[in-house]
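Engineer: Structure: upload-v2.txt, compact mmCIF, C-alpha atoms and all ligand atoms.
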```
# COMPACT_ATOMS: atom_id res chain seq x y z
CA MET A 1 133.37 137.23 223.73
CA THR A 2 130.84 135.09 225.61
CA GLU A 3 131.91 131.66 226.77
CA PRO A 4 129.85 128.71 225.50
CA THR A 5 127.87 127.18 228.37
CA ALA A 6 128.43 123.62 227.18
CA CYS A 7 131.65 122.02 226.06
CA LEU A 8 133.31 118.63 225.85
CA SER A 9 134.93 119.03 229.24
CA ASP A 10 131.46 118.82 230.84
CA ASN A 11 131.48 115.09 229.99
CA PRO A 12 134.99 113.68 230.19
CA GLU A 13 133.84 110.03 230.31
CA THR A 14 131.37 109.37 227.51
CA GLY A 15 129.64 112.65 226.78
CA VAL A 16 126.28 110.91 227.21
CA ARG A 17 123.69 113.08 228.95
CA HIS A 18 119.92 113.20 228.96
CA ASP A 19 119.48 116.55 230.69
CA TRP A 20 120.54 119.07 228.06
CA SER A 21 118.80 122.40 228.58
CA ARG A 22 117.47 124.55 225.74
CA ALA A 23 119.99 127.23 226.77
CA GLU A 24 122.95 124.86 226.53
CA VAL A 25 121.87 123.50 223.17
CA GLY A 26 121.15 127.02 221.90
CA ALA A 27 124.69 127.97 222.92
CA LEU A 28 126.11 125.08 220.87
CA PHE A 29 124.23 126.36 217.80
CA GLU A 30 125.68 129.84 218.47
CA LEU A 31 129.30 128.65 218.47
CA PRO A 32 131.55 129.76 215.61
CA PHE A 33 131.11 127.17 212.84
CA ASN A 34 134.68 125.84 213.04
CA GLU A 35 134.49 125.53 216.83
CA LEU A 36 131.21 123.60 216.64
CA LEU A 37 132.50 121.23 213.96
CA PHE A 38 135.75 120.65 215.84
CA GLN A 39 133.84 119.72 219.03
CA ALA A 40 131.50 117.44 217.09
CA GLN A 41 134.32 115.71 215.20
CA THR A 42 136.40 115.29 218.39
CA LEU A 43 133.51 113.58 220.16
CA HIS A 44 132.64 111.57 217.05
CA ARG A 45 136.05 109.92 216.88
CA ARG A 46 135.90 108.95 220.57
CA HIS A 47 132.97 106.70 219.75
CA PHE A 48 133.22 105.79 216.06
CA ASP A 49 135.62 105.13 213.21
CA PRO A 50 135.48 108.60 211.59
CA ASN A 51 135.76 107.10 208.09
CA ALA A 52 133.01 104.49 208.41
CA VAL A 53 129.45 105.16 207.28
CA GLN A 54 126.58 102.76 207.96
CA ILE A 55 124.51 101.97 204.87
CA SER A 56 120.74 101.44 205.00
CA THR A 57 118.41 100.81 202.09
CA LEU A 58 114.76 101.79 202.08
CA LEU A 59 111.82 100.12 200.41
CA SER A 60 108.26 101.38 200.37
CA ILE A 61 106.33 98.16 201.00
CA LYS A 62 102.97 99.95 200.96
CA THR A 63 102.74 103.25 199.14
CA GLY A 64 100.33 106.20 199.36
CA GLY A 65 96.74 106.48 200.51
CA CYS A 66 97.71 107.39 204.08
CA PRO A 67 94.92 108.91 206.21
CA GLU A 68 97.33 111.11 208.21
CA ASP A 69 97.84 114.77 207.24
CA CYS A 70 101.61 115.30 207.71
CA LYS A 71 102.16 118.45 205.63
CA TYR A 72 105.51 117.34 204.25
CA CYS A 73 104.35 113.97 203.00
CA PRO A 74 103.58 112.98 199.40
CA GLN A 75 101.76 109.86 200.64
CA SER A 76 98.95 111.60 202.53
CA VAL A 77 95.44 111.35 201.00
CA HIS A 78 94.91 114.97 202.05
CA TYR A 79 97.15 116.30 199.26
CA ASP A 80 97.11 115.75 195.52
CA THR A 81 100.66 114.82 194.62
CA GLY A 82 99.77 112.55 191.70
CA LEU A 83 101.09 109.50 193.55
CA GLU A 84 99.37 106.19 192.65
CA PRO A 85 98.52 104.30 195.85
CA GLU A 86 99.75 100.70 195.94
CA ALA A 87 98.70 97.74 198.13
CA LEU A 88 101.08 95.98 200.51
CA MET A 89 103.79 94.14 198.53
CA ASP A 90 104.15 90.35 198.41
CA VAL A 91 106.67 88.85 200.79
CA ASP A 92 108.76 87.29 198.00
CA ALA A 93 109.11 90.62 196.18
CA VAL A 94 110.34 92.30 199.38
CA VAL A 95 112.85 89.51 200.03
CA SER A 96 114.22 89.85 196.47
CA ALA A 97 114.67 93.59 196.99
CA ALA A 98 116.42 92.95 200.32
CA ARG A 99 118.81 90.50 198.65
CA ARG A 100 119.67 93.08 195.98
CA ALA A 101 120.28 95.70 198.69
CA ARG A 102 122.62 93.35 200.56
CA GLU A 103 124.53 92.58 197.37
CA ALA A 104 124.90 96.34 196.78
CA GLY A 105 126.49 96.75 200.24
CA ALA A 106 123.61 97.61 202.58
CA SER A 107 123.79 96.27 206.15
CA ARG A 108 120.25 97.33 207.12
CA PHE A 109 117.00 97.05 205.18
CA CYS A 110 114.18 99.40 206.15
CA MET A 111 110.59 98.67 205.16
CA GLY A 112 108.23 101.66 205.14
CA ALA A 113 104.44 101.60 205.00
CA ALA A 114 102.13 104.59 204.59
CA TRP A 115 99.82 103.64 207.44
CA ARG A 116 98.45 105.40 210.48
CA ASN A 117 99.04 102.04 212.18
CA PRO A 118 99.32 98.44 210.94
CA LYS A 119 96.34 96.07 211.21
CA GLY A 120 95.12 92.47 210.73
CA LYS A 121 96.38 90.35 207.83
CA ASN A 122 98.64 93.14 206.60
CA PHE A 123 100.48 93.19 209.93
CA GLU A 124 100.88 89.40 209.80
CA ARG A 125 102.40 89.73 206.34
CA VAL A 126 104.88 92.31 207.65
CA LEU A 127 105.88 89.93 210.46
CA GLU A 128 106.68 87.31 207.82
CA MET A 129 108.68 89.85 205.78
CA VAL A 130 110.75 90.79 208.83
CA GLY A 131 111.66 87.16 209.53
CA ARG A 132 112.54 86.44 205.89
CA VAL A 133 114.64 89.61 205.46
CA ARG A 134 116.56 88.86 208.64
CA ALA A 135 117.22 85.32 207.39
CA GLU A 136 119.00 86.99 204.42
CA GLY A 137 121.62 88.27 206.89
CA LEU A 138 120.45 91.87 207.02
CA GLU A 139 119.55 94.01 210.00
CA THR A 140 115.85 94.73 209.78
CA CYS A 141 114.09 98.05 210.25
CA ALA A 142 110.46 98.98 209.75
CA THR A 143 108.39 102.15 209.87
CA LEU A 144 104.69 101.35 209.89
CA GLY A 145 103.11 104.19 211.87
CA MET A 146 101.87 103.88 215.44
CA LEU A 147 102.33 100.57 217.30
CA ASP A 148 100.79 99.23 220.48
CA ALA A 149 102.69 97.17 223.05
CA GLU A 150 101.55 93.80 221.67
CA GLN A 151 102.46 94.65 218.07
CA SER A 152 105.88 95.79 219.24
CA ARG A 153 106.44 92.46 221.02
CA GLN A 154 105.34 90.54 217.92
CA LEU A 155 107.75 92.49 215.73
CA LYS A 156 110.57 91.77 218.18
CA VAL A 157 109.79 88.04 218.11
CA ALA A 158 109.67 88.13 214.29
CA GLY A 159 113.25 89.49 214.27
CA LEU A 160 112.92 93.26 213.99
CA ASP A 161 116.14 95.04 214.96
CA TYR A 162 115.08 98.70 214.55
CA TYR A 163 111.82 100.62 214.42
CA ASN A 164 111.78 104.08 212.84
CA HIS A 165 109.32 106.53 214.31
CA ASN A 166 110.28 110.18 214.19
CA LEU A 167 109.35 113.06 216.48
CA ASP A 168 109.61 115.09 213.26
CA THR A 169 109.83 118.57 214.84
CA SER A 170 109.67 120.45 218.15
CA PRO A 171 106.61 120.00 220.38
CA GLU A 172 106.02 123.76 219.92
CA PHE A 173 105.93 123.60 216.09
CA TYR A 174 104.32 120.16 215.83
CA GLY A 175 100.73 121.44 215.52
CA GLU A 176 101.69 123.42 212.38
CA ILE A 177 102.64 120.20 210.62
CA ILE A 178 100.35 117.36 211.75
CA SER A 179 96.84 117.37 213.20
CA THR A 180 95.81 113.70 212.97
CA ARG A 181 98.43 112.26 215.35
CA THR A 182 99.64 113.89 218.54
CA TRP A 183 103.12 114.33 219.91
CA ASP A 184 102.10 112.10 222.86
CA ASP A 185 100.96 109.37 220.42
CA ARG A 186 104.50 109.35 219.07
CA ILE A 187 106.04 109.15 222.53
CA ASP A 188 103.71 106.22 223.35
CA THR A 189 104.84 104.29 220.25
CA LEU A 190 108.49 104.95 221.09
CA THR A 191 107.87 103.64 224.61
CA HIS A 192 106.25 100.43 223.33
CA VAL A 193 109.09 99.83 220.89
CA ARG A 194 111.80 100.43 223.49
CA GLU A 195 110.06 98.26 226.10
CA ALA A 196 109.78 95.42 223.56
CA GLY A 197 113.58 95.50 223.26
CA ILE A 198 113.68 96.86 219.69
CA ASN A 199 116.29 99.52 218.91
CA VAL A 200 114.73 102.91 218.34
CA CYS A 201 115.45 104.94 215.19
CA CYS A 202 114.08 108.41 215.82
CA GLY A 203 114.83 111.83 214.39
CA GLY A 204 113.12 114.60 212.52
CA ILE A 205 112.87 116.90 209.54
CA VAL A 206 114.35 120.36 209.20
CA GLY A 207 113.53 123.03 206.63
CA MET A 208 109.77 122.98 207.22
CA GLY A 209 109.63 126.67 208.19
CA GLU A 210 110.56 126.04 211.82
CA GLY A 211 112.95 128.37 213.59
CA ARG A 212 116.28 127.59 215.21
CA ALA A 213 114.51 127.43 218.59
CA ASP A 214 112.47 124.52 217.19
CA ARG A 215 115.58 122.71 216.00
CA VAL A 216 117.09 123.23 219.47
CA SER A 217 113.90 121.91 221.05
CA LEU A 218 113.64 118.85 218.77
CA LEU A 219 117.25 117.85 219.52
CA CYS A 220 116.70 118.37 223.28
CA GLU A 221 113.64 116.12 223.12
CA LEU A 222 115.54 113.40 221.24
CA ALA A 223 118.45 113.55 223.69
CA GLY A 224 115.97 113.62 226.59
CA LEU A 225 114.36 110.28 225.68
CA PRO A 226 114.98 107.60 228.36
CA GLU A 227 117.61 106.08 226.04
CA HIS A 228 119.25 107.90 223.15
CA PRO A 229 117.88 106.44 219.89
CA GLY A 230 120.35 104.01 218.31
CA SER A 231 119.86 105.89 215.02
CA VAL A 232 118.90 109.52 214.59
CA PRO A 233 117.76 110.36 211.05
CA ILE A 234 118.04 114.05 210.22
CA ASN A 235 115.91 114.65 207.13
CA ARG A 236 116.06 117.85 205.10
CA LEU A 237 112.56 118.50 203.77
CA VAL A 238 112.07 117.10 200.28
CA LYS A 239 109.60 119.53 198.74
CA VAL A 240 106.95 117.67 196.82
CA GLU A 241 104.51 119.43 194.51
CA GLY A 242 100.99 119.28 195.88
CA THR A 243 102.02 119.17 199.56
CA PRO A 244 101.44 122.31 201.65
CA LEU A 245 105.21 122.69 202.20
CA ASP A 246 106.10 122.64 198.51
CA HIS A 247 107.03 126.34 198.47
CA GLU A 248 108.89 126.47 201.80
CA ALA A 249 112.19 128.40 201.68
CA ASP A 250 115.36 126.27 201.74
CA ILE A 251 117.11 125.95 205.08
CA ASP A 252 120.57 127.53 205.01
CA ALA A 253 123.21 124.89 204.26
CA PHE A 254 125.40 125.82 207.25
CA GLU A 255 122.40 125.77 209.58
CA PHE A 256 121.73 122.24 208.39
CA VAL A 257 125.35 121.22 209.06
CA ARG A 258 125.11 122.82 212.50
CA THR A 259 122.01 120.71 213.21
CA ILE A 260 123.97 117.56 212.38
CA ALA A 261 126.90 118.68 214.57
CA VAL A 262 124.65 119.44 217.55
CA ALA A 263 122.88 116.07 217.14
CA ARG A 264 126.32 114.40 217.21
CA ILE A 265 127.35 116.24 220.39
CA LEU A 266 124.08 115.57 222.20
CA MET A 267 123.91 111.87 221.22
CA PRO A 268 127.56 110.82 220.91
CA GLU A 269 126.94 107.07 220.80
CA SER A 270 124.11 107.19 218.24
CA TYR A 271 124.36 106.80 214.50
CA VAL A 272 123.34 110.16 213.02
CA ARG A 273 121.81 109.55 209.61
CA LEU A 274 122.13 112.10 206.83
CA SER A 275 118.70 111.12 205.62
CA ALA A 276 116.23 112.56 203.07
CA GLY A 277 117.34 115.58 201.06
CA ARG A 278 120.79 114.45 199.87
CA THR A 279 119.76 114.74 196.21
CA GLU A 280 119.52 118.50 196.67
CA MET A 281 122.89 118.74 198.48
CA THR A 282 126.27 119.22 196.87
CA ASP A 283 129.00 116.66 197.50
CA GLU A 284 130.82 119.37 199.46
CA MET A 285 127.87 119.89 201.77
CA GLN A 286 127.58 116.15 202.38
CA ALA A 287 131.30 116.04 203.17
CA LEU A 288 130.77 118.76 205.79
CA CYS A 289 127.89 116.72 207.26
CA PHE A 290 130.17 113.67 207.56
CA PHE A 291 132.81 115.85 209.23
CA ALA A 292 130.12 117.17 211.60
CA GLY A 293 129.40 113.59 212.71
CA ALA A 294 126.87 112.10 210.30
CA ASN A 295 127.77 108.42 209.94
CA SER A 296 124.85 106.76 208.21
CA ILE A 297 123.01 107.25 204.91
CA PHE A 298 120.22 105.78 202.85
CA TYR A 299 121.83 104.17 199.81
CA GLY A 300 119.85 103.34 196.70
CA GLU A 301 118.20 105.45 194.03
CA LYS A 302 114.90 105.89 195.82
CA LEU A 303 113.88 106.84 199.35
CA LEU A 304 110.20 105.86 199.76
CA THR A 305 108.59 107.76 196.90
CA THR A 306 111.16 110.46 196.10
CA GLY A 307 114.67 110.32 194.64
CA ASN A 308 117.98 109.67 196.38
CA PRO A 309 121.44 110.14 194.81
CA ASP A 310 122.57 107.65 192.15
CA THR A 311 124.54 104.82 193.72
CA ALA A 312 127.39 105.56 191.28
CA ASN A 313 127.58 109.10 192.67
CA ASP A 314 127.59 107.82 196.26
CA ASP A 315 130.28 105.26 195.42
CA ALA A 316 132.39 108.02 193.87
CA LEU A 317 131.81 110.30 196.88
CA PHE A 318 132.91 107.56 199.30
CA GLU A 319 136.01 106.97 197.17
CA ARG A 320 136.89 110.68 197.00
CA LEU A 321 136.46 111.09 200.77
CA GLY A 322 138.12 107.79 201.74
CA LEU A 323 134.93 106.61 203.43
CA HIS A 324 133.98 102.97 203.75
CA PRO A 325 130.78 101.13 204.75
CA ALA A 326 130.60 100.45 208.51
N1 LIG B 401 103.79 106.27 207.89
C1 LIG B 401 104.75 106.01 208.88
C2 LIG B 401 104.84 107.16 209.85
O1 LIG B 401 104.96 108.29 209.43
O2 LIG B 401 104.79 106.92 211.05
C3 LIG B 401 106.12 105.68 208.35
C4 LIG B 401 106.64 106.29 207.05
S1 LIG B 401 106.97 108.03 207.09
C5 LIG B 401 107.14 108.40 205.38
C6 LIG B 401 108.60 108.14 207.80
C7 LIG B 401 109.24 109.50 207.95
O3 LIG B 401 109.69 109.98 206.70
C8 LIG B 401 108.40 110.65 208.47
O4 LIG B 401 108.24 110.59 209.87
C9 LIG B 401 109.22 111.85 208.06
O5 LIG B 401 110.13 112.20 209.08
C10 LIG B 401 109.96 111.35 206.82
N2 LIG B 401 109.49 112.08 205.61
C11 LIG B 401 108.34 111.86 204.96
N3 LIG B 401 108.21 112.70 203.92
C12 LIG B 401 109.31 113.49 203.91
C13 LIG B 401 109.75 114.57 203.10
N4 LIG B 401 109.02 115.04 202.08
N5 LIG B 401 110.94 115.13 203.36
C14 LIG B 401 111.69 114.67 204.41
N6 LIG B 401 111.31 113.66 205.22
C15 LIG B 401 110.14 113.08 204.99
C1 LIG B 402 113.32 108.74 207.82
O1 LIG B 402 113.55 109.46 208.82
N1 LIG B 402 113.47 109.13 206.56
C2 LIG B 402 113.08 108.09 205.65
C3 LIG B 402 112.81 106.90 206.59
N2 LIG B 402 112.91 107.49 207.89
C4 LIG B 402 111.61 106.07 206.44
C5 LIG B 402 111.94 108.47 204.75
C6 LIG B 402 112.20 109.69 203.92
C7 LIG B 402 111.03 109.89 203.01
C8 LIG B 402 111.23 111.00 202.05
C9 LIG B 402 110.04 111.22 201.19
C10 LIG B 402 109.70 110.05 200.30
O2 LIG B 402 110.57 109.48 199.61
O3 LIG B 402 108.49 109.71 200.21
FE1 LIG B 403 101.27 108.88 206.52
FE2 LIG B 403 103.73 108.56 207.48
FE3 LIG B 403 103.25 110.20 205.39
FE4 LIG B 403 102.43 110.91 207.80
S1 LIG B 403 104.55 110.61 207.15
S2 LIG B 403 101.21 111.02 205.89
S3 LIG B 403 101.88 108.94 208.68
S4 LIG B 403 103.01 108.01 205.43
```
Can the structure from this file be put into structure tokens for me?

Structural biologist:
Amino acid sequence: MTEPTACLSDNPETGVRHDWSRAEVGALFELPFNELLFQAQTLHRRHFDPNAVQISTLLSIKTGGCPEDCKYCPQSVHYDTGLEPEALMDVDAVVSAARRAREAGASRFCMGAAWRNPKGKNFERVLEMVGRVRAEGLETCATLGMLDAEQSRQLKVAGLDYYNHNLDTSPEFYGEIISTRTWDDRIDTLTHVREAGINVCCGGIVGMGEGRADRVSLLCELAGLPEHPGSVPINRLVKVEGTPLDHEADIDAFEFVRTIAVARILMPESYVRLSAGRTEMTDEMQALCFFAGANSIFYGEKLLTTGNPDTANDDALFERLGLHPA
């Protein structure tokens, strides 16, 4: 039997490292499933209450019509998914939705816009939304596409707590998925956000036809950022008719759970969000993801444009597993 090259004893203090090699991370993926989950859960409970799950709610504040060509995305103008584009919402309507989310138990409200990057009057309206949502007592998060340094500073001043901008996949596989925005563009936005003092929410999507080596590489890149993202969303591809990835084969359920476990081990102080794709997962699979170290979800019946589990089902799942909101 070969010995794993990485284990908890490498990091007796906090387990936080930024120098994980592809070989080490590949070795974690290769561990027997029970061994991997045990390591992930052991590290998880050093840093978090193992029964607490952070609850975020998403709202699409500007839907569809996006000029980018991300092959997974129903909101791109490049694909005919039957989605009706909508203009940027009014501030009052967003604040009402945020209030409802808070009353339903969310601690963070995430506003998503299908833009390459925000501009002009629309950006000013988003700044107002951020301030008003924060005044409702919620943590604020936004995902608006690429940001420059000045926009990042303005969002910080307006009260933005988190900015979501994903690496999406490995640098090696990236060109198969997106051609209109480069990997380096994404790194630049993440730098601006971090330097403005906003917490970074950054993860990716699995199940897009990438190989395990790409999942290894994506997680190495995330853990290699100058600071580990405060939140790491792991999305399982939601296949939408009309997008080029509609007919992609499903990723194996255990491989998905392994991806969560490795994310937990590599970024032990980060919230790992079991993100898009829960509607297609069984309760049992989600329970395994929580055991593997996932400790955040999107709660509410819609993600941006696609479905998310019924809140009644999520409430029942929390009850059955003895989980509580963080
Ligand atoms: N337009 C902005 C951007 O991409 O920079 C923000 C919104 S975009 C929808 C946010 C993230 O949602 C994407 O980076 C991607 O990781 C995720 N996403 C989009 N469509 C998805 C799908 N069909 N399945 C899983 N995740 C998806
Ligand atoms: C993230 O990583 N996942 C969320 C959030 N960040 C913005 C979005 C998932 C979108 C799924 C497809 C849709 O509903 O349009
Ligand atoms: Fe546009 Fe974001 Fe969708 Fe890409 S993921 S097409 S940038 S909305």

Engineer: Do you know which residues are within 7 Å of ligand LIG 401 (chain B) using all atoms listed in the file? Can you write them as a list in words?

Structural biologist: Tyr72, Cys73, Pro74, Gly112, Ala113, Ala114, Trp115, Arg116, Thr143, Leu144, Gly145, Met146, His165, Asn166, Asp168, Gly204, Ile205, Asn235, Arg236, Leu237, Val238, Lys239, Val240, Ala276, Gly277 and Leu304 of chain A

Engineer: What's the 10 Å shell around Asp80 in chain A, counting all atoms listed in the file, without same-chain residues fewer than 2 positions away, as a ChimeraX atom specification?

Structural biologist: /A:74-78,82-83,241-244

Engineer: How many Å separate CA of Leu127 in chain A from CA of Leu147 in chain A?

Structural biologist: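 About the pair CA of Leu127 in chain A and CA of Leu147 in chain A: they are 13.1 Å apart.
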
Engineer: Name all residues at most 10 Å from Leu317 in chain A (count all atoms listed in the file; drop same-chain ones fewer than 5 positions away) and give them as a short mmCIF file (atom, residue, chain, number, x, y, z; two decimals) with C-alpha atoms, in the coordinates of the input.

Structural biologist:
```
data_model
loop_
_atom_site.label_atom_id
_atom_site.label_comp_id
_atom_site.auth_asym_id
_atom_site.auth_seq_id
_atom_site.Cartn_x
_atom_site.Cartn_y
_atom_site.Cartn_z
CA ASP A 283 129.00 116.66 197.50
CA GLU A 284 130.82 119.37 199.46
CA GLN A 286 127.58 116.15 202.38
CA ALA A 287 131.30 116.04 203.17
CA THR A 311 124.54 104.82 193.72
CA ALA A 312 127.39 105.56 191.28
CA GLY A 322 138.12 107.79 201.74
CA LEU A 323 134.93 106.61 203.43
#
```

Engineer: Of the candidates A:Asp161, A:Asp252, A:Glu301, A:Glu210, which one gets nearest to ligand LIG 402 (chain B) if we count only C-alpha atoms and all ligand atoms?

Structural biologist: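 The closest residue to ligand LIG 402 (chain B) is A:Glu301.
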
Engineer: Just how far from CA of Glu269 in chain A is CA of Asp184 in chain A, in Å to one decimal?

Structural biologist: 25.4 Å

Engineer: Under the rule that only C-alpha atoms are counted, which of A:Val133, A:Cys66, A:Val272, A:Ala326 is the nearest residue to Pro118 in chain A?

Structural biologist: A:Cys66

Engineer: One decimal, Å: what's the distance from CA of Asn164 in chain A over to CA of Cys202 in chain A, could you say?

Structural biologist: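 The value is 5.7 Å.
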
Engineer: Would you kindly return, as a PyMOL selection string, each protein, DNA or RNA residue with an atom no farther than 12 Å from any atom of Phe256 in chain A, considering all atoms listed in the file and excluding same-chain residues fewer than 5 positions away?

Structural biologist: chain A and resi 29+33+205-207+211-212+215+234-237+250-251+261-263+274-275+277-278+281+285-286+288-289+292+294

Engineer: Of the residues A:Arg108, A:Arg45, A:Lys302, A:His18, which is the one nearest to ligand LIG 402 (chain B), using all atoms listed in the file?

Structural biologist: A:Lys302

Engineer: Quick one: residues within 10 Å of range 53-60 of chain A, only C-alpha atoms, excluding same-chain residues fewer than 4 positions away - as a count of residues only?

Structural biologist: 51

Engineer: So which one's closest to ligand LIG 403 (chain B), A:Gln39, A:Gln151, A:Ser96, A:Asn117? Using only C-alpha atoms and all ligand atoms, please.

Structural biologist: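 Looking at the shortest contact to ligand LIG 403 (chain B), the residue is A:Asn117.
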
Engineer: So which one's closest to Gly293 in chain A, A:Ile187, A:Ala253, A:Ile260, A:Met267? Using all atoms listed in the file, please.

Structural biologist: A:Ile260

Engineer: For each of A:His192, A:Arg181, A:Lys119, A:Arg22, take the minimum atom-to-atom distance to Ala149 in chain A, counting all atoms listed in the file, then give the residue where this is smallest.

Structural biologist: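 Of the candidates, the smallest distance to Ala149 in chain A is held by A:His192.
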
Engineer: Around (119.3, 107.2, 219.9) in the file's frame, which residues reach within 10 Å when counting all atoms listed in the file? Return as a ChimeraX atom specification?

Structural biologist: /A:199-203,222-233,263,266-272

Engineer: Adding 5 Å on each side of the box along x, y and z that holds all listed atoms of ligand LIG 403 (chain B), could you give its centre and edge lengths in Å to one decimal, as AutoDock Vina command-line options?

Structural biologist:
```
--center_x 102.9 --center_y 109.5 --center_z 207.0 --size_x 13.3 --size_y 13.0 --size_z 13.3
```
